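**Student:** I am attaching a structure below and will ask some questions about it afterwards.
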Amino acid sequence: MYLKNIHKQFPGVKALKGVDFSLEKGKIVSLVGTNGAGKSTLSNIIAGIYSPDEGEIFIEGKKVTISDPKAAEQLGVGIVHQEPTLVPNMTVVENIFLNKEITKNGIVLDLKKMKQESEKVLEFLGFHINVGKKVEELTLVEKEVVEIAKAMLLKPKILILDEVTAPLNKDEVDHLFKIINDLKNNGMGIIFIGHKLQEIIEISDSIMVFRDGKNVGELVPSESLSEKEVISLMLGSTLNEDLITGEDKDDTGQRQEVLKLAGLSKQGFYEDINFTLYKGEIVGFAGLKGSGITELFQSLQGILSFDGGDMYVKGKKVKFKYPKDGIEAGIGMVTNDRQGEGLALTLDVKDNIAVSSLNYLRNRFRTLNTKLLKDNAGKYVKALSIKTPSINQFVQNLSGGNQQKIVIAKWLLRNLDIILVDEPTRGVDVKAKNEIYKLLINEKNNGKSLMVASPEIRELLSICDRILIINSGRIVSEVHRNAKEFKEEDILNIIHSSHQHYTTAQAM
């Protein structure tokens with residue numbers, strides 16, 4: 001495949017400015033760049049979702065027009081999107097075969113055949129999912145797998161993977177990379193888009209770097225290629241990633257308790273959680289996917305109820321029925337599913353930032369103070385470097401990373417005492433990550449208390465005062481910043497050794 005001089009403009013945004021791109025059979029080319037640099041726009045043009053304003057596309061030496069996704073499929077292009085595009089109230093098999101249904105005599109759906117084919121492609125990918133289950137009942141990881149299975153159904157010659165590793169843990173990424181390499185070795189051309197540069201360097205044959213709608217260079221991975229070199233080309237400058245965070249002293253006796261959990265349990269998710277959060281600290285939560293961290297956070301905010309144990313906020317015993325109860329008690333949550341839970345995609349930037357703070361943006365006549373709303377929205381757009389033509393831009397038109405920053409801005413504006421953050425930088429580029437880290441640390445320094453969950457241990461090490469390791473719904477270890485174990489290798493060892501111990505105990 002070869003793309004020549006591709007241009008694409010959206011209202012107020014020149015997304016691509018004369019991009020050239022080539023992909024050979026049996027090669028993996030990764031696209032990297034900051035949020036809004038043009039990576040997803042280019043992949044969406046290849047997949048027929050957008051049409052280029054200018055430029056030419058060639059597949060196997062023949063000039064083609066990719067007018068829509070169906071045309072792309074017929075040309076052998078498959079895509080797995082950054083955000084799930086599945087229909088929540090339909091089953092796995094219905095989603096995999098959506099618009100590709102198998103029929104008997106062209107009339108009756110061949111449900112048995114579709115079920116068999118769905119299970120076959122999922123088995124090839126190395127995952128076992130009940131294909132009769134509704135998508136809305138799946139985890140984020142399972143949804144990602146179904147997306148890949150859907151793309152693989154037509155046996156594409158070119159496969160686009162846009163941020164597919166974002167919701168996956170290390171073992172799942174390793175498994176996925178084995179599948180990707182198998183596909184490559186069978187002659188498939190793969191376009192891989194991501195922000196985790198370690199993964200990019202590991203999986204790629206070449207790396208194309210985007211900046212401001214242009215491809216500014218191509219790098220070939222090697223043992224000597226560093227993340228800093230990739231970042232430098234992405235930004236056109238070096239990035240100072242040094243952060244000042246937790247102190248190495250133990251002053252628990254002087255600190256003010258803001259949240260206490262005593263034997264908190266939720267059947268099937270977590271049990272016997274005993275934990276105290278203090279004013280002005282960031283506590284990290286690490287564990288494998290499905291360890292119960294997300295459900296614990298949801299219970300603290302009022303999204304889920306807990307079955308047993310007690311919860312105290314500033315010494316007062318509480319149990320929330322609804323999320324608004326948690327908010328009124330001073331707890332906000334940045335969820336790990338920004339499009340499904342964190343944003344109103346058809347509203348603009350300013351309304352999404354303000355939606356949790358409307359009572360605080362009213363004037364003395366109890367009507368919305370539009371000037372205050374706009375001023376605050378503008379403040380956080382600037383502070384978080386949200387790339388948008390204006391605060392009136394619809395959120396659905398922004399890149400995934402910029403959407404994530406809006407979710408964080410929403411809770412920062414509300415000015416709550418306790419902020420729960422589940423995967424703060426999912427789908428966010430390295431520069432934006434640094435900006436988010438600094439904002440979270442700034443909140444801590446202003447006396448806020450934060451609980452942060454992330455599959456990226458390095459992320460937790462950068463910003464947290466201590467890290468709790470969770471396995472199968474239980475706290476198995478706690479590591480403080482001044483401890484010798486406060487490093488990536490040791491924490492990963494604790495996570496995996498505790499998981500191995502637990503699974504062995506279950507089998508006995």
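Numbering starts fresh at 1 for the residues of each chain in the structure tokens, the chains themselves are lettered A, B, ... in the order given, and ligands are numbered from 1 as they appear.
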Extract the full set of alpha helix (DSSP H) residues from range 403-499 of chain A according to DSSP on the backbone, and format it as a VMD selection string.
**Tutor:** chain A and resid 403 to 414 430 to 445 457 to 463 488 to 499
**Student:** Find the residues near Leu345 in chain A: any atom within 8 Å, counting only C-alpha atoms, skip ones fewer than 6 places away on the same chain, and give them as a PyMOL selection string.
**Tutor:** chain A and resi 339+394-396
**Student:** Just checking: using only C-alpha atoms, which residue out of A:Gly268, A:Gly280, A:Thr367, A:Glu257 ends up closest to Lys316 in chain A?
**Tutor:**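 So, comparing all the options, the nearest one is A:Glu257.
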**Student:** For range 373-378 of chain A, find every residue with an atom within 9 Å (counting only C-alpha atoms), except residues of its own chain fewer than 4 positions away, and show them as a list in words.
**Tutor:**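 Here the answer would be Val349, Lys350, Asp351, Asn352, Ile353, Ala354, Leu358, Leu361, Arg362, Leu368, Asn369, Lys382, Ala383, Ser390, Ile391, Ala409, Lys410 and Leu413 of chain A.
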**Student:** Would you output that residue set with C-alpha atoms, as a compact mmCIF listing (two decimals), in the first residue's frame?
**Tutor:**
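Saved file again_22.txt follows:
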# COMPACT_ATOMS: atom_id res chain seq x y z
CA VAL A 349 -15.86 20.92 25.36
CA LYS A 350 -17.08 23.61 27.77
CA ASP A 351 -20.29 21.75 28.66
CA ASN A 352 -18.41 18.51 29.33
CA ILE A 353 -15.93 20.27 31.61
CA ALA A 354 -18.75 22.03 33.47
CA LEU A 358 -23.27 23.34 37.39
CA LEU A 361 -21.41 28.00 38.08
CA ARG A 362 -24.68 29.75 38.82
CA LEU A 368 -25.97 29.58 34.71
CA ASN A 369 -23.15 32.10 34.68
CA LYS A 382 -4.99 25.75 28.50
CA ALA A 383 -3.72 23.98 31.65
CA SER A 390 -12.46 26.18 20.51
CA ILE A 391 -14.32 25.33 23.71
CA ALA A 409 -10.64 18.61 33.77
CA LYS A 410 -14.29 17.97 34.72
CA LEU A 413 -13.06 22.02 38.22
**Student:** Just want the 10 Å neighbourhood of Asn215 in chain A, counted on only C-alpha atoms, with same-chain residues fewer than 3 positions away dropped. Output as a PyMOL selection string.
**Tutor:** chain A and resi 16-21+31-33+37-39+208-212+218+234
**Student:** Restricted to N, CA and C atoms, what would the selected residues look like written as an mmCIF file, in the first residue's frame?
**Tutor:**
data_model
loop_
_atom_site.group_PDB
_atom_site.id
_atom_site.type_symbol
_atom_site.label_atom_id
_atom_site.label_comp_id
_atom_site.auth_asym_id
_atom_site.auth_seq_id
_atom_site.Cartn_x
_atom_site.Cartn_y
_atom_site.Cartn_z
ATOM 1 N N LEU A 16 -4.350 16.586 8.307
ATOM 2 C CA LEU A 16 -3.237 16.025 7.537
ATOM 3 C C LEU A 16 -2.802 17.029 6.481
ATOM 4 N N LYS A 17 -1.486 17.194 6.354
ATOM 5 C CA LYS A 17 -0.940 18.224 5.461
ATOM 6 C C LYS A 17 0.093 17.608 4.516
ATOM 7 N N GLY A 18 -0.407 16.821 3.557
ATOM 8 C CA GLY A 18 0.504 16.262 2.555
ATOM 9 C C GLY A 18 1.299 15.073 3.039
ATOM 10 N N VAL A 19 0.624 14.091 3.596
ATOM 11 C CA VAL A 19 1.292 12.917 4.165
ATOM 12 C C VAL A 19 1.543 11.849 3.096
ATOM 13 N N ASP A 20 2.761 11.308 3.081
ATOM 14 C CA ASP A 20 3.106 10.139 2.275
ATOM 15 C C ASP A 20 3.287 8.950 3.230
ATOM 16 N N PHE A 21 2.825 7.786 2.802
ATOM 17 C CA PHE A 21 2.902 6.619 3.680
ATOM 18 C C PHE A 21 2.959 5.355 2.844
ATOM 19 N N LEU A 31 2.589 4.057 13.905
ATOM 20 C CA LEU A 31 2.400 5.509 13.797
ATOM 21 C C LEU A 31 2.415 6.093 15.204
ATOM 22 N N VAL A 32 3.285 7.049 15.436
ATOM 23 C CA VAL A 32 3.355 7.697 16.747
ATOM 24 C C VAL A 32 3.285 9.208 16.577
ATOM 25 N N GLY A 33 2.878 9.877 17.636
ATOM 26 C CA GLY A 33 2.769 11.327 17.635
ATOM 27 C C GLY A 33 1.898 11.757 18.796
ATOM 28 N N ALA A 37 -2.112 14.602 16.289
ATOM 29 C CA ALA A 37 -1.045 14.780 15.287
ATOM 30 C C ALA A 37 -1.445 14.276 13.912
ATOM 31 N N GLY A 38 -2.484 13.419 13.839
ATOM 32 C CA GLY A 38 -2.971 12.953 12.537
ATOM 33 C C GLY A 38 -2.944 11.449 12.342
ATOM 34 N N LYS A 39 -2.491 10.704 13.341
ATOM 35 C CA LYS A 39 -2.343 9.243 13.216
ATOM 36 C C LYS A 39 -3.679 8.564 12.922
ATOM 37 N N MET A 208 6.790 5.457 12.005
ATOM 38 C CA MET A 208 6.571 6.739 11.346
ATOM 39 C C MET A 208 6.099 7.752 12.382
ATOM 40 N N VAL A 209 6.783 8.874 12.437
ATOM 41 C CA VAL A 209 6.497 9.886 13.460
ATOM 42 C C VAL A 209 5.707 11.039 12.848
ATOM 43 N N PHE A 210 4.575 11.364 13.488
ATOM 44 C CA PHE A 210 3.713 12.464 13.050
ATOM 45 C C PHE A 210 3.859 13.657 13.989
ATOM 46 N N ARG A 211 3.802 14.852 13.393
ATOM 47 C CA ARG A 211 3.757 16.082 14.182
ATOM 48 C C ARG A 211 2.965 17.127 13.414
ATOM 49 N N ASP A 212 1.892 17.605 14.031
ATOM 50 C CA ASP A 212 1.048 18.662 13.435
ATOM 51 C C ASP A 212 0.582 18.316 12.029
ATOM 52 N N GLU A 218 11.078 8.850 9.943
ATOM 53 C CA GLU A 218 10.855 7.423 10.112
ATOM 54 C C GLU A 218 12.052 6.830 10.840
ATOM 55 N N MET A 234 8.967 13.379 17.927
ATOM 56 C CA MET A 234 7.534 13.663 18.043
ATOM 57 C C MET A 234 7.271 15.126 18.398
#
